[in-house]
>>> print(open('query09.pdb').read())   # PDB, C-alpha atoms, pLDDT in the B column
ATOM      1  CA  ILE B   1     -16.966-138.160 -37.046  1.00 92.00           C
ATOM      2  CA  ALA B   2     -17.023-134.496 -37.913  1.00 95.00           C
ATOM      3  CA  LEU B   3     -20.456-133.071 -38.701  1.00 97.00           C
ATOM      4  CA  SER B   4     -21.210-130.088 -40.902  1.00 96.00           C
ATOM      5  CA  GLY B   5     -23.934-128.449 -42.937  1.00 97.00           C
ATOM      6  CA  TYR B   6     -26.821-129.118 -40.569  1.00 98.00           C
ATOM      7  CA  VAL B   7     -30.113-127.826 -41.962  1.00 97.00           C
ATOM      8  CA  ASN B   8     -33.553-128.019 -40.373  1.00 96.00           C
ATOM      9  CA  ILE B   9     -36.461-126.336 -42.128  1.00 95.00           C
ATOM     10  CA  VAL B  10     -40.147-126.510 -41.220  1.00 93.00           C
ATOM     11  CA  ASN B  11     -42.362-124.208 -43.268  1.00 92.00           C
ATOM     12  CA  ASN B  12     -46.139-124.608 -43.066  1.00 89.00           C
ATOM     13  CA  THR B  13     -46.764-122.216 -45.952  1.00 91.00           C
ATOM     14  CA  GLU B  14     -44.662-124.284 -48.374  1.00 90.00           C
ATOM     15  CA  ASP B  15     -45.713-127.675 -46.925  1.00 90.00           C
ATOM     16  CA  LEU B  16     -42.061-128.350 -46.142  1.00 93.00           C
ATOM     17  CA  GLN B  17     -40.258-130.322 -43.438  1.00 93.00           C
ATOM     18  CA  PHE B  18     -36.609-131.014 -44.268  1.00 96.00           C
ATOM     19  CA  SER B  19     -33.461-131.804 -42.325  1.00 97.00           C
ATOM     20  CA  ALA B  20     -29.966-132.885 -43.376  1.00 98.00           C
ATOM     21  CA  VAL B  21     -26.414-133.137 -42.066  1.00 98.00           C
ATOM     22  CA  THR B  22     -23.092-134.162 -43.587  1.00 98.00           C
ATOM     23  CA  CYS B  23     -20.745-136.568 -41.813  1.00 98.00           C
ATOM     24  CA  PHE B  24     -17.027-136.597 -42.623  1.00 97.00           C
ATOM     25  CA  LEU B  25     -15.780-140.161 -42.204  1.00 97.00           C
ATOM     26  CA  ASP B  26     -12.240-141.293 -41.363  1.00 96.00           C
ATOM     27  CA  ASP B  27     -11.800-142.970 -44.746  1.00 96.00           C
ATOM     28  CA  GLY B  28     -12.106-139.589 -46.539  1.00 96.00           C
ATOM     29  CA  SER B  29     -15.672-140.168 -47.665  1.00 97.00           C
ATOM     30  CA  LEU B  30     -18.799-138.185 -46.858  1.00 97.00           C
ATOM     31  CA  PHE B  31     -22.082-139.539 -45.566  1.00 98.00           C
ATOM     32  CA  ILE B  32     -24.989-137.206 -46.270  1.00 98.00           C
ATOM     33  CA  VAL B  33     -27.929-137.988 -44.023  1.00 98.00           C
ATOM     34  CA  PHE B  34     -31.499-136.875 -44.682  1.00 98.00           C
ATOM     35  CA  ARG B  35     -33.871-137.110 -41.716  1.00 95.00           C
ATOM     36  CA  GLY B  36     -37.291-138.639 -42.067  1.00 91.00           C
ATOM     37  CA  THR B  37     -40.546-137.106 -40.964  1.00 87.00           C
ATOM     38  CA  ASP B  38     -40.558-135.327 -37.632  1.00 86.00           C
ATOM     39  CA  GLY B  39     -43.649-134.966 -35.458  1.00 78.00           C
ATOM     40  CA  SER B  40     -44.973-131.880 -37.248  1.00 81.00           C
ATOM     41  CA  LEU B  41     -48.297-131.894 -39.045  1.00 81.00           C
ATOM     42  CA  VAL B  42     -46.670-130.336 -42.114  1.00 85.00           C
ATOM     43  CA  GLY B  43     -44.166-133.217 -42.202  1.00 80.00           C
ATOM     44  CA  TRP B  44     -46.954-135.794 -42.322  1.00 78.00           C
ATOM     45  CA  LYS B  45     -48.864-133.736 -44.883  1.00 84.00           C
ATOM     46  CA  GLU B  46     -45.809-133.645 -47.109  1.00 83.00           C
ATOM     47  CA  ASP B  47     -45.421-137.426 -46.758  1.00 81.00           C
ATOM     48  CA  MET B  48     -48.856-137.859 -48.322  1.00 82.00           C
ATOM     49  CA  MET B  49     -47.838-135.558 -51.174  1.00 85.00           C
ATOM     50  CA  ILE B  50     -45.158-138.071 -52.245  1.00 85.00           C
ATOM     51  CA  SER B  51     -47.985-140.218 -53.584  1.00 84.00           C
ATOM     52  CA  TYR B  52     -49.346-137.639 -56.032  1.00 86.00           C
ATOM     53  CA  LEU B  53     -46.678-135.001 -56.776  1.00 86.00           C
ATOM     54  CA  ASN B  54     -43.712-135.404 -59.098  1.00 88.00           C
ATOM     55  CA  GLN B  55     -41.596-133.488 -56.580  1.00 92.00           C
ATOM     56  CA  THR B  56     -42.290-132.389 -53.017  1.00 93.00           C
ATOM     57  CA  SER B  57     -40.691-129.396 -51.320  1.00 94.00           C
ATOM     58  CA  SER B  58     -38.386-131.626 -49.256  1.00 96.00           C
ATOM     59  CA  GLN B  59     -37.289-133.540 -52.363  1.00 96.00           C
ATOM     60  CA  GLU B  60     -36.401-130.194 -53.954  1.00 97.00           C
ATOM     61  CA  GLN B  61     -34.502-129.183 -50.803  1.00 97.00           C
ATOM     62  CA  ALA B  62     -32.574-132.491 -50.806  1.00 98.00           C
ATOM     63  CA  PHE B  63     -31.578-131.949 -54.444  1.00 98.00           C
ATOM     64  CA  ASN B  64     -30.521-128.367 -53.634  1.00 98.00           C
ATOM     65  CA  TYR B  65     -28.510-129.558 -50.612  1.00 98.00           C
ATOM     66  CA  LEU B  66     -26.493-131.874 -52.866  1.00 97.00           C
ATOM     67  CA  SER B  67     -26.128-129.357 -55.680  1.00 95.00           C
ATOM     68  CA  LYS B  68     -25.028-126.414 -53.537  1.00 95.00           C
ATOM     69  CA  ASN B  69     -22.666-128.276 -51.235  1.00 94.00           C
ATOM     70  CA  PHE B  70     -21.022-131.070 -53.202  1.00 93.00           C
ATOM     71  CA  MET B  71     -20.499-129.882 -56.775  1.00 89.00           C
ATOM     72  CA  GLY B  72     -16.828-130.203 -57.667  1.00 87.00           C
ATOM     73  CA  LEU B  73     -15.841-132.337 -54.678  1.00 88.00           C
ATOM     74  CA  ASN B  74     -13.586-135.255 -55.456  1.00 91.00           C
ATOM     75  CA  CYS B  75     -14.308-137.801 -52.729  1.00 96.00           C
ATOM     76  CA  PRO B  76     -16.581-140.811 -52.285  1.00 98.00           C
ATOM     77  CA  ILE B  77     -20.118-139.928 -51.207  1.00 98.00           C
ATOM     78  CA  ARG B  78     -22.650-142.050 -49.374  1.00 98.00           C
ATOM     79  CA  ILE B  79     -26.210-140.796 -48.953  1.00 98.00           C
ATOM     80  CA  GLY B  80     -28.890-142.221 -46.710  1.00 98.00           C
ATOM     81  CA  GLY B  81     -31.853-141.767 -44.477  1.00 97.00           C
ATOM     82  CA  HIS B  82     -34.713-143.389 -42.628  1.00 92.00           C
ATOM     83  CA  SER B  83     -38.310-143.249 -43.855  1.00 90.00           C
ATOM     84  CA  LYS B  84     -38.810-140.042 -45.867  1.00 93.00           C
ATOM     85  CA  GLY B  85     -35.047-139.559 -45.500  1.00 96.00           C
ATOM     86  CA  GLY B  86     -34.492-142.717 -47.563  1.00 96.00           C
ATOM     87  CA  ASN B  87     -36.844-141.401 -50.225  1.00 95.00           C
ATOM     88  CA  LEU B  88     -34.963-138.074 -50.242  1.00 97.00           C
ATOM     89  CA  SER B  89     -31.652-139.912 -50.564  1.00 98.00           C
ATOM     90  CA  ILE B  90     -32.762-141.761 -53.670  1.00 97.00           C
ATOM     91  CA  PHE B  91     -34.582-138.782 -55.202  1.00 97.00           C
ATOM     92  CA  SER B  92     -31.722-136.310 -54.731  1.00 98.00           C
ATOM     93  CA  SER B  93     -29.187-138.819 -56.080  1.00 98.00           C
ATOM     94  CA  MET B  94     -31.365-139.451 -59.101  1.00 96.00           C
ATOM     95  CA  LYS B  95     -31.672-135.732 -59.853  1.00 97.00           C
ATOM     96  CA  ALA B  96     -28.061-134.793 -59.013  1.00 97.00           C
ATOM     97  CA  ASN B  97     -25.613-133.520 -61.580  1.00 95.00           C
ATOM     98  CA  LYS B  98     -23.506-136.257 -63.194  1.00 95.00           C
ATOM     99  CA  SER B  99     -20.350-134.951 -61.483  1.00 94.00           C
ATOM    100  CA  ILE B 100     -21.981-135.624 -58.114  1.00 96.00           C
ATOM    101  CA  GLN B 101     -23.550-138.922 -59.212  1.00 96.00           C
ATOM    102  CA  ASP B 102     -20.139-140.192 -60.304  1.00 96.00           C
ATOM    103  CA  HIS B 103     -18.889-139.848 -56.712  1.00 97.00           C
ATOM    104  CA  ILE B 104     -21.901-141.509 -55.071  1.00 98.00           C
ATOM    105  CA  ILE B 105     -20.871-145.012 -54.071  1.00 97.00           C
ATOM    106  CA  ASN B 106     -23.964-146.025 -52.074  1.00 98.00           C
ATOM    107  CA  ILE B 107     -27.470-144.777 -51.397  1.00 98.00           C
ATOM    108  CA  TYR B 108     -29.119-146.170 -48.259  1.00 98.00           C
ATOM    109  CA  SER B 109     -32.845-146.262 -47.638  1.00 95.00           C
ATOM    110  CA  PHE B 110     -33.993-147.520 -44.251  1.00 93.00           C
ATOM    111  CA  ASP B 111     -37.711-148.328 -44.593  1.00 88.00           C
ATOM    112  CA  GLY B 112     -38.183-145.441 -47.016  1.00 89.00           C
ATOM    113  CA  PRO B 113     -41.303-145.220 -49.176  1.00 88.00           C
ATOM    114  CA  GLY B 114     -41.031-145.638 -52.919  1.00 87.00           C
ATOM    115  CA  PHE B 115     -42.149-143.351 -55.729  1.00 89.00           C
ATOM    116  CA  ARG B 116     -44.877-142.883 -58.274  1.00 84.00           C
ATOM    117  CA  ASP B 117     -44.719-145.297 -61.211  1.00 88.00           C
ATOM    118  CA  GLU B 118     -43.640-142.558 -63.637  1.00 92.00           C
ATOM    119  CA  ILE B 119     -40.546-141.839 -61.545  1.00 90.00           C
ATOM    120  CA  VAL B 120     -39.620-145.510 -61.152  1.00 88.00           C
ATOM    121  CA  ALA B 121     -39.946-145.970 -64.935  1.00 92.00           C
ATOM    122  CA  SER B 122     -37.626-143.039 -65.713  1.00 95.00           C
ATOM    123  CA  ASP B 123     -34.109-143.487 -67.084  1.00 96.00           C
ATOM    124  CA  GLU B 124     -32.608-141.317 -64.334  1.00 95.00           C
ATOM    125  CA  TYR B 125     -34.124-143.580 -61.669  1.00 94.00           C
ATOM    126  CA  GLU B 126     -32.998-146.777 -63.402  1.00 95.00           C
ATOM    127  CA  LYS B 127     -29.472-145.394 -63.599  1.00 95.00           C
ATOM    128  CA  ILE B 128     -29.038-145.095 -59.824  1.00 95.00           C
ATOM    129  CA  ILE B 129     -30.777-148.352 -58.775  1.00 95.00           C
ATOM    130  CA  PRO B 130     -27.491-150.338 -58.666  1.00 96.00           C
ATOM    131  CA  LYS B 131     -26.197-147.974 -55.941  1.00 97.00           C
ATOM    132  CA  VAL B 132     -29.288-148.294 -53.725  1.00 97.00           C
ATOM    133  CA  LYS B 133     -29.290-150.493 -50.649  1.00 97.00           C
ATOM    134  CA  SER B 134     -32.751-150.719 -49.144  1.00 93.00           C
ATOM    135  CA  TYR B 135     -33.434-152.195 -45.717  1.00 92.00           C
ATOM    136  CA  ILE B 136     -36.946-152.807 -44.414  1.00 84.00           C
ATOM    137  CA  PRO B 137     -38.346-154.692 -41.412  1.00 81.00           C
ATOM    138  CA  ASP B 138     -39.942-158.005 -42.341  1.00 80.00           C
ATOM    139  CA  GLY B 139     -43.430-156.605 -41.682  1.00 67.00           C
ATOM    140  CA  SER B 140     -42.765-153.229 -43.286  1.00 66.00           C
ATOM    141  CA  VAL B 141     -45.605-150.943 -44.258  1.00 60.00           C
ATOM    142  CA  VAL B 142     -43.798-147.687 -45.078  1.00 63.00           C
ATOM    143  CA  GLY B 143     -40.973-149.271 -47.085  1.00 59.00           C
ATOM    144  CA  ARG B 144     -43.503-151.041 -49.279  1.00 57.00           C
ATOM    145  CA  LEU B 145     -45.573-147.955 -50.073  1.00 60.00           C
ATOM    146  CA  LEU B 146     -45.593-146.955 -53.741  1.00 60.00           C
ATOM    147  CA  SER B 147     -43.207-148.445 -56.318  1.00 65.00           C
ATOM    148  CA  SER B 148     -39.469-148.902 -56.053  1.00 74.00           C
ATOM    149  CA  GLY B 149     -38.161-151.614 -58.369  1.00 78.00           C
ATOM    150  CA  ILE B 150     -35.528-152.203 -55.678  1.00 81.00           C
ATOM    151  CA  GLU B 151     -34.755-155.478 -53.970  1.00 83.00           C
ATOM    152  CA  HIS B 152     -35.090-154.913 -50.225  1.00 78.00           C
ATOM    153  CA  LYS B 153     -33.036-156.615 -47.543  1.00 87.00           C
ATOM    154  CA  LEU B 154     -35.294-157.740 -44.693  1.00 78.00           C
ATOM    155  CA  VAL B 155     -34.299-156.830 -41.154  1.00 81.00           C
ATOM    156  CA  LYS B 156     -35.459-158.718 -38.075  1.00 86.00           C
ATOM    157  CA  ASN B 157     -37.120-156.632 -35.411  1.00 85.00           C
ATOM    158  CA  SER B 158     -38.481-157.028 -31.919  1.00 84.00           C
ATOM    159  CA  VAL B 159     -42.058-155.794 -32.425  1.00 78.00           C
ATOM    160  CA  THR B 160     -45.082-156.239 -34.689  1.00 80.00           C
ATOM    161  CA  GLY B 161     -47.249-153.803 -36.573  1.00 75.00           C
ATOM    162  CA  PHE B 162     -46.406-150.195 -37.367  1.00 73.00           C
ATOM    163  CA  MET B 163     -43.851-150.000 -34.542  1.00 69.00           C
ATOM    164  CA  GLN B 164     -41.540-151.987 -36.839  1.00 69.00           C
ATOM    165  CA  HIS B 165     -40.944-148.735 -38.701  1.00 66.00           C
ATOM    166  CA  LEU B 166     -38.912-147.408 -35.769  1.00 71.00           C
ATOM    167  CA  ALA B 167     -35.317-148.441 -36.388  1.00 75.00           C
ATOM    168  CA  TYR B 168     -34.780-148.693 -32.615  1.00 68.00           C
ATOM    169  CA  ASN B 169     -36.712-151.961 -32.843  1.00 72.00           C
ATOM    170  CA  TRP B 170     -34.479-153.484 -35.527  1.00 82.00           C
TER     171      TRP B 170
END
>>> encode(input="query09.pdb", output="C-alpha cells")
Amino acid sequence: IALSGYVNIVNNTEDLQFSAVTCFLDDGSLFIVFRGTDGSLVGWKEDMMISYLNQTSSQEQAFNYLSKNFMGLNCPIRIGGHSKGGNLSIFSSMKANKSIQDHIINIYSFDGPGFRDEIVASDEYEKIIPKVKSYIPDGSVVGRLLSSGIEHKLVKNSVTGFMQHLAYNW
C-alpha cells in the first residue's frame, strides 16, 4: 500500500486534534483514514464538543482534507476511522461536494460516536447512511454515544468494560 497526504495537527488554541492519511490500494481505489483521539488533553476536550457543537475543528479539518485533495478524482473512495475517526469519516462524507460523494463507495466507523439529533435528522446525513458500515464491540460505550440512525454490526472482543473500545481487543 502506498501512503500519502499524512496530516497531524494538534492546536490547543483552536481546540483541535486531527490526523489523516490516504492509502492507495492495489485495486485502484483510495482509502482515506481519519485517526481517532490521541492522548492529548485537547483531543479529549474536542471529543466532548461533539455533543454540543454543530461542527468541531477536527470535523472541519476532515471536510477540508476531502475537499482539497480529492475534488475531480475519478476513482472509488473508501473512508474510515476508529472512534472520533469514524465520526470524522461520516461527517466529512456528509458534507463533501457531490462529485466526491459520488465516488465514495463505503464509509467505515469503528466504534465511532454518533451525532447530535439535528445532524442525524438532516437530509445530507440521511443521504450517506446507505454507504456507512459501523462496527462496535458488543459492550460498546463510545459507539453508542449520541444518535446515529445506523445499524451497527457487533464485534466480539476479549475484554469487558471500556477496554472494549480498543480495537486490539476485537
>>> atom_distance(input="query09.pdb", atom1="CA of Ala20 (chain B)", atom2="CA of Ser122 (chain B)")
25.7 Å
>>> atom_distance(input="query09.pdb", atom1="CA of Val120 (chain B)", atom2="CA of Gln61 (chain B)")
20.0 Å
>>> resolve_selection(input="query09.pdb", expression="the PyMOL selection byres ((chain B and resi 104) around 7)", output="list of chain:residue names")
B:Pro76, B:Ile77, B:Arg78, B:Ile100, B:Gln101, B:Asp102, B:His103, B:Ile105, B:Asn106
>>> write_last_selection(input="query09.pdb", atoms="C-alpha atoms", output="compact mmCIF listing (two decimals), in the coordinates of the input")
# COMPACT_ATOMS: atom_id res chain seq x y z
CA PRO B 76 -16.58 -140.81 -52.28
CA ILE B 77 -20.12 -139.93 -51.21
CA ARG B 78 -22.65 -142.05 -49.37
CA ILE B 100 -21.98 -135.62 -58.11
CA GLN B 101 -23.55 -138.92 -59.21
CA ASP B 102 -20.14 -140.19 -60.30
CA HIS B 103 -18.89 -139.85 -56.71
CA ILE B 105 -20.87 -145.01 -54.07
CA ASN B 106 -23.96 -146.02 -52.07
>>> closest_residue(input="query09.pdb", among="B:Ile32, B:Ile136, B:Leu53, B:Val155", to="Ser92 (chain B)", atoms="all atoms listed in the file")
B:Ile32
>>> axis_aligned_box(input="query09.pdb", around="region 59-65 of chain B", padding_each_side="4 Å", output="lines of an AutoDock Vina configuration file")
center_x = -32.9
center_y = -131.0
center_z = -52.5
size_x = 16.8
size_y = 13.2
size_z = 11.8
